[in-house]
Amino acid sequence: MARQLRMVRPNLDNLPKLELPDGYGLRSYQEGDEGHWANIISDSFGGRERTAEDTRSEITGRDVFVPDGLYFVTHQDIPVGTACAWRQSVEETDVGYVHMVGVLGEHTGHKLGKWVSLAVLYYFRDNGFSCSMLDTDDFRIPAIKTYLNLGFVPVYVDDTQPERWVEILNKLKLPLMATQISQVQVSLPTELWAKVSR
């Protein structure tokens, strides 16, 4: 089975201003949000219906979970979008992982995925991380466009990926980014490149 696509933001400089649309707010995790997270992820990812217990086993009960790093976009004080500042291990302090970005279907079209992902990038920057990465799927074209607009660049983590990225960038009517892709490895210290490319 082909691996997910990997994208990296090689630094956390020059982050855009976070400007939520009118009627929306932003906050981090509060006790009892497990049901909200499950609802958002079930709606935006499809597949099985997640429960509050799934949230605990996948996110809030894990040793790398930091409450301040789980963000929600709210509408009328109800969470409608989410993204999580994740780490690959408890010891990780350099590479932040943008994890489980989702928005309720009825609230798509407002760039909420962008704003909640940007909140995660601000979290990493403000907590001393050097760069950020994420994994996504070929069919998530709107999400990939959002990540590209936030300064993420593809990196190849298996032999199928150059061809897959050509197809995706063609769909987005974007240039092939060969220079930017090769620059990621050059711009990162060896130990960080090893983390983002494994």
# chains A, B, ... in the order shown; residues from 1 in each chain; ligands from 1

$ residues_around --residues "Leu118 in chain A" --least-positions-apart "6" --cutoff "8 Å" --atoms "only C-alpha atoms" --output "ChimeraX atom specification"
/A:15-16,18,150

$ write_last_selection --atoms "all heavy atoms" --output "JSON list (two decimals), in the first residue's frame"
[["chain", "number", "residue", "atom", "x", "y", "z"],
["A", 15, "LEU", "N", 4.88, 33.59, 9.30],
["A", 15, "LEU", "CA", 3.54, 33.01, 9.29],
["A", 15, "LEU", "C", 2.52, 34.11, 8.99],
["A", 15, "LEU", "O", 2.65, 35.23, 9.48],
["A", 15, "LEU", "CB", 3.21, 32.38, 10.66],
["A", 15, "LEU", "CG", 4.02, 31.15, 11.04],
["A", 15, "LEU", "CD1", 3.67, 30.72, 12.46],
["A", 15, "LEU", "CD2", 3.79, 30.00, 10.06],
["A", 16, "PRO", "N", 1.51, 33.80, 8.16],
["A", 16, "PRO", "CA", 0.50, 34.82, 7.88],
["A", 16, "PRO", "C", -0.29, 35.19, 9.13],
["A", 16, "PRO", "O", -0.32, 34.44, 10.10],
["A", 16, "PRO", "CB", -0.39, 34.17, 6.82],
["A", 16, "PRO", "CG", -0.10, 32.71, 6.87],
["A", 16, "PRO", "CD", 1.27, 32.55, 7.45],
["A", 18, "LEU", "N", -3.41, 35.53, 11.47],
["A", 18, "LEU", "CA", -4.56, 34.67, 11.68],
["A", 18, "LEU", "C", -5.81, 35.54, 11.74],
["A", 18, "LEU", "O", -5.97, 36.32, 12.67],
["A", 18, "LEU", "CB", -4.39, 33.87, 12.97],
["A", 18, "LEU", "CG", -5.06, 32.51, 13.04],
["A", 18, "LEU", "CD1", -4.51, 31.70, 14.22],
["A", 18, "LEU", "CD2", -6.56, 32.60, 13.13],
["A", 150, "LEU", "N", -0.05, 27.66, 2.95],
["A", 150, "LEU", "CA", 0.54, 27.94, 4.26],
["A", 150, "LEU", "C", 2.06, 27.74, 4.27],
["A", 150, "LEU", "O", 2.69, 27.84, 5.32],
["A", 150, "LEU", "CB", -0.10, 27.04, 5.33],
["A", 150, "LEU", "CG", -1.49, 27.45, 5.81],
["A", 150, "LEU", "CD1", -2.09, 26.38, 6.71],
["A", 150, "LEU", "CD2", -1.45, 28.79, 6.54]]

$ select_by_dssp --residues "range 91-197 of chain A" --states "strand (DSSP E or B)" --output "mmCIF file with N, CA, C and O atoms, in the first residue's frame"
data_model
loop_
_atom_site.group_PDB
_atom_site.id
_atom_site.type_symbol
_atom_site.label_atom_id
_atom_site.label_comp_id
_atom_site.auth_asym_id
_atom_site.auth_seq_id
_atom_site.Cartn_x
_atom_site.Cartn_y
_atom_site.Cartn_z
ATOM 1 N N VAL A 95 10.532 19.165 15.533
ATOM 2 C CA VAL A 95 9.614 18.982 14.404
ATOM 3 C C VAL A 95 8.187 18.818 14.929
ATOM 4 O O VAL A 95 7.866 17.826 15.590
ATOM 5 N N GLY A 96 7.335 19.810 14.647
ATOM 6 C CA GLY A 96 5.927 19.722 15.030
ATOM 7 C C GLY A 96 5.124 19.047 13.933
ATOM 8 O O GLY A 96 5.405 19.224 12.747
ATOM 9 N N TYR A 97 4.130 18.279 14.330
ATOM 10 C CA TYR A 97 3.325 17.513 13.382
ATOM 11 C C TYR A 97 1.888 18.045 13.403
ATOM 12 O O TYR A 97 1.226 18.015 14.448
ATOM 13 N N VAL A 98 1.430 18.572 12.271
ATOM 14 C CA VAL A 98 0.042 19.052 12.163
ATOM 15 C C VAL A 98 -0.841 17.826 11.969
ATOM 16 O O VAL A 98 -0.707 17.098 10.983
ATOM 17 N N HIS A 99 -1.751 17.593 12.907
ATOM 18 C CA HIS A 99 -2.441 16.310 12.998
ATOM 19 C C HIS A 99 -3.961 16.501 12.996
ATOM 20 O O HIS A 99 -4.479 17.412 13.657
ATOM 21 N N MET A 100 -4.642 15.658 12.256
ATOM 22 C CA MET A 100 -6.098 15.537 12.291
ATOM 23 C C MET A 100 -6.801 16.888 12.119
ATOM 24 O O MET A 100 -7.465 17.401 13.014
ATOM 25 N N VAL A 101 -6.650 17.438 10.927
ATOM 26 C CA VAL A 101 -7.332 18.688 10.580
ATOM 27 C C VAL A 101 -8.698 18.340 10.008
ATOM 28 O O VAL A 101 -8.793 17.564 9.048
ATOM 29 N N GLY A 102 -9.751 18.877 10.573
ATOM 30 C CA GLY A 102 -11.092 18.590 10.073
ATOM 31 C C GLY A 102 -12.044 19.738 10.331
ATOM 32 O O GLY A 102 -11.876 20.496 11.296
ATOM 33 N N VAL A 103 -13.037 19.864 9.450
ATOM 34 C CA VAL A 103 -14.071 20.899 9.572
ATOM 35 C C VAL A 103 -15.413 20.262 9.247
ATOM 36 O O VAL A 103 -15.520 19.479 8.298
ATOM 37 N N CYS A 131 10.525 23.463 12.704
ATOM 38 C CA CYS A 131 9.793 23.266 11.455
ATOM 39 C C CYS A 131 8.553 22.433 11.744
ATOM 40 O O CYS A 131 8.323 22.013 12.880
ATOM 41 N N SER A 132 7.769 22.199 10.705
ATOM 42 C CA SER A 132 6.538 21.433 10.882
ATOM 43 C C SER A 132 6.332 20.500 9.695
ATOM 44 O O SER A 132 6.800 20.774 8.585
ATOM 45 N N MET A 133 5.628 19.408 9.938
ATOM 46 C CA MET A 133 5.320 18.461 8.871
ATOM 47 C C MET A 133 3.896 17.947 9.041
ATOM 48 O O MET A 133 3.255 18.147 10.071
ATOM 49 N N LEU A 134 3.400 17.292 8.011
ATOM 50 C CA LEU A 134 2.094 16.643 8.062
ATOM 51 C C LEU A 134 2.046 15.547 7.013
ATOM 52 O O LEU A 134 2.882 15.482 6.109
ATOM 53 N N ASP A 135 1.074 14.670 7.160
ATOM 54 C CA ASP A 135 0.791 13.643 6.161
ATOM 55 C C ASP A 135 -0.635 13.844 5.666
ATOM 56 O O ASP A 135 -1.523 14.222 6.445
ATOM 57 N N THR A 136 -0.847 13.580 4.382
ATOM 58 C CA THR A 136 -2.187 13.724 3.822
ATOM 59 C C THR A 136 -2.365 12.721 2.690
ATOM 60 O O THR A 136 -1.457 11.965 2.362
ATOM 61 N N VAL A 153 5.714 22.302 1.700
ATOM 62 C CA VAL A 153 6.303 21.842 0.438
ATOM 63 C C VAL A 153 6.312 20.317 0.466
ATOM 64 O O VAL A 153 6.601 19.715 1.511
ATOM 65 N N PRO A 154 5.999 19.660 -0.656
ATOM 66 C CA PRO A 154 6.091 18.195 -0.681
ATOM 67 C C PRO A 154 7.518 17.718 -0.433
ATOM 68 O O PRO A 154 8.479 18.375 -0.834
ATOM 69 N N VAL A 155 7.635 16.586 0.244
ATOM 70 C CA VAL A 155 8.890 15.831 0.259
ATOM 71 C C VAL A 155 8.541 14.392 -0.095
ATOM 72 O O VAL A 155 7.435 13.925 0.191
#

$ residues_around --residues "Asp126 in chain A" --least-positions-apart "5" --cutoff "10 Å" --atoms "only C-alpha atoms" --output "number ranges by chain"
A: 12, 120-121

$ write_last_selection --atoms "C-alpha atoms" --output "short mmCIF file (atom, residue, chain, number, x, y, z; two decimals), in the first residue's frame"
data_model
loop_
_atom_site.label_atom_id
_atom_site.label_comp_id
_atom_site.auth_asym_id
_atom_site.auth_seq_id
_atom_site.Cartn_x
_atom_site.Cartn_y
_atom_site.Cartn_z
CA LEU A 12 8.15 28.76 11.06
CA VAL A 120 -1.10 24.98 15.24
CA LEU A 121 1.86 26.52 13.38
#

$ atom_distance --atom1 "CA of Gly69 in chain A" --atom2 "CA of Phe124 in chain A"
8.6 Å

$ select_by_dssp --residues "range 5-196 of chain A" --states "alpha helix (DSSP H)" --output "count of residues only"
68

$ closest_residue --among "A:Gln161, A:Gln76, A:Thr146, A:Ser44" --to "Ala2 in chain A" --atoms "only C-alpha atoms"
A:Gln161
